[in-house]
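Novice: First, the structure itself, so that you have it in front of you.
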Amino acid sequence: MKAVVALGGNALTGKKREADINKQFSEMKKTAGSIARMIKNGWHIGITHGNGPQVGALMLQQKAAMDIVPPMPLHVLGALTQGEIGYIIQQCLLNEFKSQGIEREIATVITQVIVNEKDEAFKNPTKPVGPVYSSTEAENLRKSYVMGKVEGGWRILVPSPKPLSIVESEIIKGLMESGIVVIAAGGGGIPVVRKGNILHGVDAVIDKDLASQKLANEIGADVLLILTDVERVCINYGRENQEELEEASIEEMEEYMKEGHFPPGSMGPKVEAAINFIKNGGKRAIITSIENAWKAMEGNAGTHIHR
Ligand code: ADP
Ligand code: MG
C-alpha cells in the first residue's frame, strides 16, 4: 500500500514557523516517529512538505547580499529549499530508522511541476511569501514586486498557479514501489512551463497540498495523508458552534466548501486536495495532526474523506 504524506509548516518549524536550523531538526525529530510508525506497518511512503519560512529566509538573504552575489530567482530558491528540507527530513528519518532497527533507505527527488503559463494566477498574484516589510520598504519593493497588505505591514505577493502534472512522478513511483522512502514535490514543487519540448522555471509558488494531491494520483497512492496542526477539520471553525468532522463524503465536503467553512490560505487547499484525490481514483484522504498520524491511519483520529 502506498501513501503520500504531506507535512505542514509545523512539522519542521513548529507552530510559530521559525526557520532556525536547530528548531527544524528538533521538530522533524518528533515528526520522524510518526513516519517510522507507518513504515513499520508496511506502508510505502512519499513525503511532501511546505517551504514558506525557508523560502522567505532565502529571499531575505538574496536581498541583503545582492551587491555581493547575484540574487537567484524564486524558482531556483524553490529548488534550494527542496535540497535543504530534503536533507533535514532524510537525516532525521534515517536516525529514527536506525534507532528502531528499520532497514529502509530514503531519497530526496528534486521535483518540477508543470503549470500553465496562461493560468489566471499570473495576472493576479495572491500568495504572500517572505518576510513582513514596513511601508517604506514596501514602496521600494513595489518597483519589482506586487505587494500586499497583511497584518503588521506588507509582503511580496507571487502567483500561485494550479499544478498540472509532476515531471518526475514515474521516478518517484518506481523508488516508492521498490521500498525507498521518497521526499518529493517540496514546497509544492518547482513551477515550470513547457514550451514544445523545453521546460523553464517561472517565478511562482504552487500550493503544497494541491501538488501533493497531483503526486498522490500520479503515483497511484491509496491514501493521501495531510498532516497539519489541528486534529480534525471543523465546520464553523473558531466559533461557538464549531463541530469536528470525523468523516465526510466528497459531496458533503463540497457543500461545506461552498458554505465557506474552509479559508483559501489554510484549510481550503487541503480540503480541495482531498476532494480531487478521491475524484481521481484515490481511496481515502485524511487530514489530521502530526501527533495523530498513525492513530488516524488506523481509523481512530482525524477527518476521513471518502467517496
Ligand atoms: P499547514 O502549514 O499545515 O499547511 P495552515 O496554517 O496552512 O497549515 O493550515 C492549517 C490551519 O488551518 C489550522 O491551524 C487552522 O487554524 C486553520 N483552519 C482554518 N479553517 C479551518 C477549519 N475549518 N477546520 C480546521 N482548521 C482550520
Ligand atoms: Mg498551508
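Ligands are numbered from 1 in the order shown, chains are lettered A, B, ... in the order of the C-alpha cells, and residues start at 1 in each chain.
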Find the residues near ligand 1. Use a cut-off of 6 Å, count only C-alpha atoms and all ligand atoms, and write them as a ChimeraX atom specification.
Specialist: /A:8-10,228-230,233-235,237,261-263,266-267
Novice: May I have the residues within 7 Å of A:Val55 as an MDAnalysis selection string, using only C-alpha atoms and disregarding those fewer than 3 positions away in the same chain?
Specialist: chainID A and resid 51:52 58:59 77:78 81 130
Novice: Include C-alpha atoms and write out the residues we just selected as a PDB file, in the first residue's frame.
Specialist:
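Full text of selection-v3.pdb as output:
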```
ATOM      1  CA  ASN A  51       8.658  25.672   2.408  1.00  0.00           C
ATOM      2  CA  GLY A  52       7.132  29.026   3.423  1.00  0.00           C
ATOM      3  CA  LEU A  58      16.310  32.812   1.381  1.00  0.00           C
ATOM      4  CA  MET A  59      14.511  35.763  -0.208  1.00  0.00           C
ATOM      5  CA  LEU A  77      15.080  29.313  -4.369  1.00  0.00           C
ATOM      6  CA  GLY A  78      12.368  26.640  -4.523  1.00  0.00           C
ATOM      7  CA  THR A  81      14.692  24.667  -0.218  1.00  0.00           C
ATOM      8  CA  GLY A 130       8.947  36.025   2.591  1.00  0.00           C
TER       9      GLY A 130
END
```
Novice: Any idea what's packed within 9 Å of A:Gly281, counting only C-alpha atoms, ignoring anything in its chain fewer than 2 positions away? Could you give it as a list in words?
Specialist: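 Selected residues are Asn217, Gly220, Ala221, Asp222, Asn276, Phe277, Ile278, Lys279 and Lys283 of chain A.
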Novice: For the selection just defined, write its residues with N, CA, C and O atoms to a file, as a compact mmCIF listing (two decimals), in the first residue's frame.
Specialist:
```txt
# COMPACT_ATOMS: atom_id res chain seq x y z
N ASN A 217 -2.09 11.09 -6.93
CA ASN A 217 -2.84 10.44 -8.01
C ASN A 217 -1.90 9.88 -9.08
O ASN A 217 -2.10 8.77 -9.56
N GLY A 220 -0.47 6.66 -8.08
CA GLY A 220 -1.46 5.65 -7.69
C GLY A 220 -1.47 5.35 -6.20
O GLY A 220 -1.60 4.20 -5.79
N ALA A 221 -1.36 6.39 -5.38
CA ALA A 221 -1.39 6.19 -3.92
C ALA A 221 -2.79 5.77 -3.47
O ALA A 221 -3.79 6.15 -4.07
N ASP A 222 -2.84 4.95 -2.41
CA ASP A 222 -4.12 4.55 -1.83
C ASP A 222 -4.64 5.64 -0.90
O ASP A 222 -5.83 5.87 -0.79
N ASN A 276 -10.19 16.31 -4.70
CA ASN A 276 -9.61 15.97 -6.01
C ASN A 276 -8.96 14.60 -6.00
O ASN A 276 -9.01 13.86 -6.98
N PHE A 277 -8.31 14.26 -4.89
CA PHE A 277 -7.63 12.96 -4.79
C PHE A 277 -8.64 11.82 -4.96
O PHE A 277 -8.42 10.89 -5.73
N ILE A 278 -9.76 11.90 -4.26
CA ILE A 278 -10.77 10.85 -4.34
C ILE A 278 -11.41 10.82 -5.74
O ILE A 278 -11.58 9.77 -6.34
N LYS A 279 -11.70 12.02 -6.26
CA LYS A 279 -12.32 12.10 -7.60
C LYS A 279 -11.44 11.46 -8.67
O LYS A 279 -11.92 10.97 -9.68
N LYS A 283 -8.42 6.32 -2.70
CA LYS A 283 -9.40 5.63 -1.85
C LYS A 283 -9.82 6.48 -0.66
O LYS A 283 -10.98 6.54 -0.29
```
Novice: Please run DSSP on the backbone and report, as a short mmCIF file (atom, residue, chain, number, x, y, z; two decimals) with N, CA and C atoms, in the first residue's frame, all residues within stretch 102-263 of chain A that come out as alpha helix (DSSP H).
Specialist:
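The resulting states_28.cif:
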```cif
data_model
loop_
_atom_site.label_atom_id
_atom_site.label_comp_id
_atom_site.auth_asym_id
_atom_site.auth_seq_id
_atom_site.Cartn_x
_atom_site.Cartn_y
_atom_site.Cartn_z
N SER A 135 6.14 50.04 5.44
CA SER A 135 5.58 50.77 4.29
C SER A 135 6.68 51.33 3.41
N THR A 136 7.76 51.86 4.02
CA THR A 136 8.85 52.44 3.23
C THR A 136 9.56 51.37 2.41
N GLU A 137 9.85 50.24 3.05
CA GLU A 137 10.49 49.14 2.32
C GLU A 137 9.58 48.65 1.19
N ALA A 138 8.29 48.58 1.51
CA ALA A 138 7.33 48.09 0.53
C ALA A 138 7.29 49.00 -0.70
N GLU A 139 7.40 50.32 -0.44
CA GLU A 139 7.38 51.32 -1.53
C GLU A 139 8.51 51.02 -2.52
N ASN A 140 9.67 50.71 -1.98
CA ASN A 140 10.86 50.38 -2.77
C ASN A 140 10.67 49.09 -3.57
N LEU A 141 10.14 48.09 -2.88
CA LEU A 141 9.99 46.76 -3.48
C LEU A 141 8.94 46.75 -4.58
N SER A 169 7.23 12.15 -11.72
CA SER A 169 6.38 11.20 -10.98
C SER A 169 6.73 9.73 -11.23
N GLU A 170 7.16 9.38 -12.46
CA GLU A 170 7.49 7.97 -12.72
C GLU A 170 8.69 7.52 -11.89
N ILE A 171 9.68 8.40 -11.75
CA ILE A 171 10.86 8.07 -10.93
C ILE A 171 10.43 7.88 -9.48
N ILE A 172 9.60 8.80 -8.99
CA ILE A 172 9.15 8.76 -7.60
C ILE A 172 8.37 7.47 -7.34
N LYS A 173 7.50 7.13 -8.29
CA LYS A 173 6.69 5.91 -8.17
C LYS A 173 7.59 4.68 -8.10
N GLY A 174 8.57 4.62 -9.01
CA GLY A 174 9.48 3.48 -9.06
C GLY A 174 10.24 3.32 -7.75
N LEU A 175 10.75 4.42 -7.24
CA LEU A 175 11.51 4.39 -5.98
C LEU A 175 10.61 3.91 -4.84
N MET A 176 9.41 4.47 -4.77
CA MET A 176 8.49 4.10 -3.69
C MET A 176 8.14 2.62 -3.75
N GLU A 177 7.88 2.13 -4.96
CA GLU A 177 7.48 0.73 -5.10
C GLU A 177 8.62 -0.22 -4.77
N LYS A 208 1.28 23.57 -1.69
CA LYS A 208 1.86 22.25 -1.44
C LYS A 208 0.79 21.15 -1.30
N ASP A 209 -0.40 21.50 -0.83
CA ASP A 209 -1.45 20.49 -0.70
C ASP A 209 -1.95 20.05 -2.08
N LEU A 210 -2.12 21.02 -2.99
CA LEU A 210 -2.59 20.68 -4.34
C LEU A 210 -1.54 19.88 -5.10
N ALA A 211 -0.25 20.25 -4.92
CA ALA A 211 0.82 19.50 -5.58
C ALA A 211 0.91 18.08 -5.01
N SER A 212 0.69 17.94 -3.70
CA SER A 212 0.72 16.62 -3.06
C SER A 212 -0.37 15.72 -3.63
N GLN A 213 -1.55 16.33 -3.86
CA GLN A 213 -2.66 15.56 -4.44
C GLN A 213 -2.32 15.08 -5.85
N LYS A 214 -1.74 15.96 -6.67
CA LYS A 214 -1.34 15.56 -8.04
C LYS A 214 -0.38 14.39 -7.97
N LEU A 215 0.61 14.52 -7.10
CA LEU A 215 1.61 13.46 -6.97
C LEU A 215 0.93 12.16 -6.53
N ALA A 216 0.07 12.25 -5.52
CA ALA A 216 -0.60 11.07 -4.98
C ALA A 216 -1.38 10.33 -6.08
N ASN A 217 -2.09 11.09 -6.93
CA ASN A 217 -2.84 10.44 -8.01
C ASN A 217 -1.90 9.88 -9.08
N GLU A 218 -0.86 10.63 -9.41
CA GLU A 218 0.02 10.18 -10.49
C GLU A 218 0.80 8.92 -10.12
N ILE A 250 -17.23 13.20 -0.39
CA ILE A 250 -16.77 14.37 -1.15
C ILE A 250 -17.92 15.34 -1.42
N GLU A 251 -19.13 14.81 -1.57
CA GLU A 251 -20.28 15.70 -1.80
C GLU A 251 -20.52 16.58 -0.58
N GLU A 252 -20.45 15.98 0.61
CA GLU A 252 -20.64 16.77 1.84
C GLU A 252 -19.56 17.84 1.96
N MET A 253 -18.30 17.44 1.66
CA MET A 253 -17.21 18.40 1.77
C MET A 253 -17.38 19.55 0.78
N GLU A 254 -17.86 19.21 -0.44
CA GLU A 254 -18.08 20.26 -1.44
C GLU A 254 -19.14 21.25 -0.97
N GLU A 255 -20.14 20.72 -0.30
CA GLU A 255 -21.22 21.55 0.23
C GLU A 255 -20.65 22.51 1.30
N TYR A 256 -19.89 21.97 2.24
CA TYR A 256 -19.27 22.79 3.30
C TYR A 256 -18.34 23.84 2.69
N MET A 257 -17.63 23.43 1.65
CA MET A 257 -16.70 24.33 0.96
C MET A 257 -17.47 25.54 0.42
N LYS A 258 -18.60 25.24 -0.26
CA LYS A 258 -19.44 26.31 -0.83
C LYS A 258 -19.94 27.24 0.26
#
```
Novice: Which one of A:Gly186, A:Gly260, A:Pro191, A:Pro73 sits closest to A:Asp119 if you count only C-alpha atoms?
Specialist: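 Of A:Gly186, A:Gly260, A:Pro191, A:Pro73, the one nearest A:Asp119, counting only C-alpha atoms, is A:Pro191.
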Novice: Using only C-alpha atoms and all ligand atoms, which of A:Lys127, A:Arg194, A:Arg232, A:Lys118 sits nearest ligand 2?
Specialist: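 Counting only C-alpha atoms and all ligand atoms, the residue closest to ligand 2 is A:Lys127.
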Novice: Using only C-alpha atoms, which residues sit within 8 Å of A:Ala274 once same-chain residues fewer than 5 positions away are excluded, as a PyMOL selection string?
Specialist: chain A and resi 213+224+285-286+305
Novice: Between A:Ala185, A:Ala204, A:Val129, A:Ile21, which one has atoms that come closest to A:Ser160, using only C-alpha atoms?
Specialist: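 When distances to A:Ser160 are compared using only C-alpha atoms, the smallest one comes from A:Ala204.
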Novice: Restricting the calculation to only C-alpha atoms, which member of A:Gly83, A:Val158, A:Cys92, A:Val69 is positioned closest to A:Leu12?
Specialist: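 Selected residue with least distance to A:Leu12: A:Cys92.
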Novice: Can you list, as a PyMOL selection string, every protein, DNA or RNA residue that comes within 12 Å of A:Ser26 when you count only C-alpha atoms, leaving out same-chain residues fewer than 6 positions away?
Specialist: chain A and resi 10-14+18-20+32-33+88-89+91-93
Novice: Would you export the selected residues with N, CA and C atoms as a PDB file, in the first residue's frame, please?
Specialist:
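Output file out05.pdb follows:
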```
ATOM      1  N   ASN A  10       4.239  23.234  10.504  1.00  0.00           N
ATOM      2  CA  ASN A  10       4.606  22.943  11.894  1.00  0.00           C
ATOM      3  C   ASN A  10       5.462  21.681  12.037  1.00  0.00           C
ATOM      4  N   ALA A  11       5.509  20.827  10.990  1.00  0.00           N
ATOM      5  CA  ALA A  11       6.332  19.612  11.057  1.00  0.00           C
ATOM      6  C   ALA A  11       7.807  19.952  11.213  1.00  0.00           C
ATOM      7  N   LEU A  12       8.225  21.086  10.654  1.00  0.00           N
ATOM      8  CA  LEU A  12       9.639  21.454  10.697  1.00  0.00           C
ATOM      9  C   LEU A  12       9.918  22.729  11.470  1.00  0.00           C
ATOM     10  N   THR A  13       8.966  23.637  11.483  1.00  0.00           N
ATOM     11  CA  THR A  13       9.269  24.940  12.069  1.00  0.00           C
ATOM     12  C   THR A  13       8.367  25.272  13.256  1.00  0.00           C
ATOM     13  N   GLY A  14       7.601  24.285  13.717  1.00  0.00           N
ATOM     14  CA  GLY A  14       6.769  24.495  14.893  1.00  0.00           C
ATOM     15  C   GLY A  14       5.606  25.424  14.612  1.00  0.00           C
ATOM     16  N   GLU A  18       9.248  29.107  12.789  1.00  0.00           N
ATOM     17  CA  GLU A  18      10.590  29.669  12.906  1.00  0.00           C
ATOM     18  C   GLU A  18      11.565  28.870  12.042  1.00  0.00           C
ATOM     19  N   ALA A  19      12.315  29.582  11.168  1.00  0.00           N
ATOM     20  CA  ALA A  19      13.189  28.887  10.220  1.00  0.00           C
ATOM     21  C   ALA A  19      14.562  28.546  10.805  1.00  0.00           C
ATOM     22  N   ASP A  20      14.778  28.810  12.079  1.00  0.00           N
ATOM     23  CA  ASP A  20      16.032  28.498  12.767  1.00  0.00           C
ATOM     24  C   ASP A  20      16.397  27.014  12.596  1.00  0.00           C
ATOM     25  N   ALA A  32       9.468  12.449  12.768  1.00  0.00           N
ATOM     26  CA  ALA A  32      10.055  11.199  12.258  1.00  0.00           C
ATOM     27  C   ALA A  32       9.437   9.972  12.931  1.00  0.00           C
ATOM     28  N   GLY A  33       9.091  10.099  14.208  1.00  0.00           N
ATOM     29  CA  GLY A  33       8.480   8.991  14.934  1.00  0.00           C
ATOM     30  C   GLY A  33       7.178   8.541  14.274  1.00  0.00           C
ATOM     31  N   ILE A  88      17.229  17.651   5.816  1.00  0.00           N
ATOM     32  CA  ILE A  88      16.807  17.589   7.225  1.00  0.00           C
ATOM     33  C   ILE A  88      15.898  16.370   7.460  1.00  0.00           C
ATOM     34  N   ILE A  89      14.925  16.196   6.563  1.00  0.00           N
ATOM     35  CA  ILE A  89      13.999  15.065   6.728  1.00  0.00           C
ATOM     36  C   ILE A  89      14.755  13.745   6.590  1.00  0.00           C
ATOM     37  N   GLN A  91      17.917  12.980   7.091  1.00  0.00           N
ATOM     38  CA  GLN A  91      18.796  12.649   8.214  1.00  0.00           C
ATOM     39  C   GLN A  91      17.998  12.269   9.466  1.00  0.00           C
ATOM     40  N   CYS A  92      16.947  13.043   9.754  1.00  0.00           N
ATOM     41  CA  CYS A  92      16.140  12.745  10.940  1.00  0.00           C
ATOM     42  C   CYS A  92      15.472  11.382  10.809  1.00  0.00           C
ATOM     43  N   LEU A  93      14.971  11.069   9.616  1.00  0.00           N
ATOM     44  CA  LEU A  93      14.307   9.778   9.409  1.00  0.00           C
ATOM     45  C   LEU A  93      15.299   8.631   9.506  1.00  0.00           C
TER      46      LEU A  93
END
```
Novice: So what do you get for atom CA of A:Asp203 versus atom CA of A:Ala79, distance-wise?
Specialist: 11.9 Å
Novice: Report as a PyMOL selection string all protein, DNA and RNA residues lying within 8 Å of A:Trp294, evaluated on only C-alpha atoms, omitting residues in the same chain fewer than 2 positions from it.
Specialist: chain A and resi 34+37-38+291-292+296-298
Novice: Rank nothing, just name the residue among A:Leu7, A:Ile219, A:Ile180, A:Ile85 nearest to ligand 2, using only C-alpha atoms and all ligand atoms.
Specialist: A:Leu7
Novice: Could you give me, as an mmCIF file with N, CA and C atoms, in the first residue's frame, the residues within 6 Å of A:Ala121, counting only C-alpha atoms and dropping anything in the same chain fewer than 4 positions from it?
Specialist:
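As a result, out_3.cif now contains:
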```cif
data_model
loop_
_atom_site.group_PDB
_atom_site.id
_atom_site.type_symbol
_atom_site.label_atom_id
_atom_site.label_comp_id
_atom_site.auth_asym_id
_atom_site.auth_seq_id
_atom_site.Cartn_x
_atom_site.Cartn_y
_atom_site.Cartn_z
ATOM 1 N N PRO A 125 -1.353 37.964 -8.630
ATOM 2 C CA PRO A 125 -0.580 37.296 -7.573
ATOM 3 C C PRO A 125 -1.281 37.418 -6.224
ATOM 4 N N PRO A 159 2.370 34.807 -7.873
ATOM 5 C CA PRO A 159 1.287 33.997 -8.429
ATOM 6 C C PRO A 159 1.317 32.583 -7.868
ATOM 7 N N SER A 160 0.146 31.991 -7.682
ATOM 8 C CA SER A 160 0.079 30.610 -7.222
ATOM 9 C C SER A 160 -0.751 29.779 -8.210
ATOM 10 N N PRO A 161 -0.119 29.408 -9.341
ATOM 11 C CA PRO A 161 -0.859 28.664 -10.377
ATOM 12 C C PRO A 161 -1.174 27.236 -9.953
#
```
Novice: Out of A:Ile156, A:Val146, A:Leu227, A:Ala64, which residue has the shortest atom-to-atom distance to ligand 2 when counting only C-alpha atoms and all ligand atoms?
Specialist: A:Leu227
Novice: Report the distance between atom CA of A:Met1 and atom CA of A:Asn41 in Å, rounded to one decimal place.
Specialist: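 Interatomic distance here is 10.1 Å.
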Novice: Between atom CA of A:Ile287 and atom CA of A:Arg17, what is the spacing in Å?
Specialist: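 Between atom CA of A:Arg17 and atom CA of A:Ile287 the gap works out to 19.6 Å.
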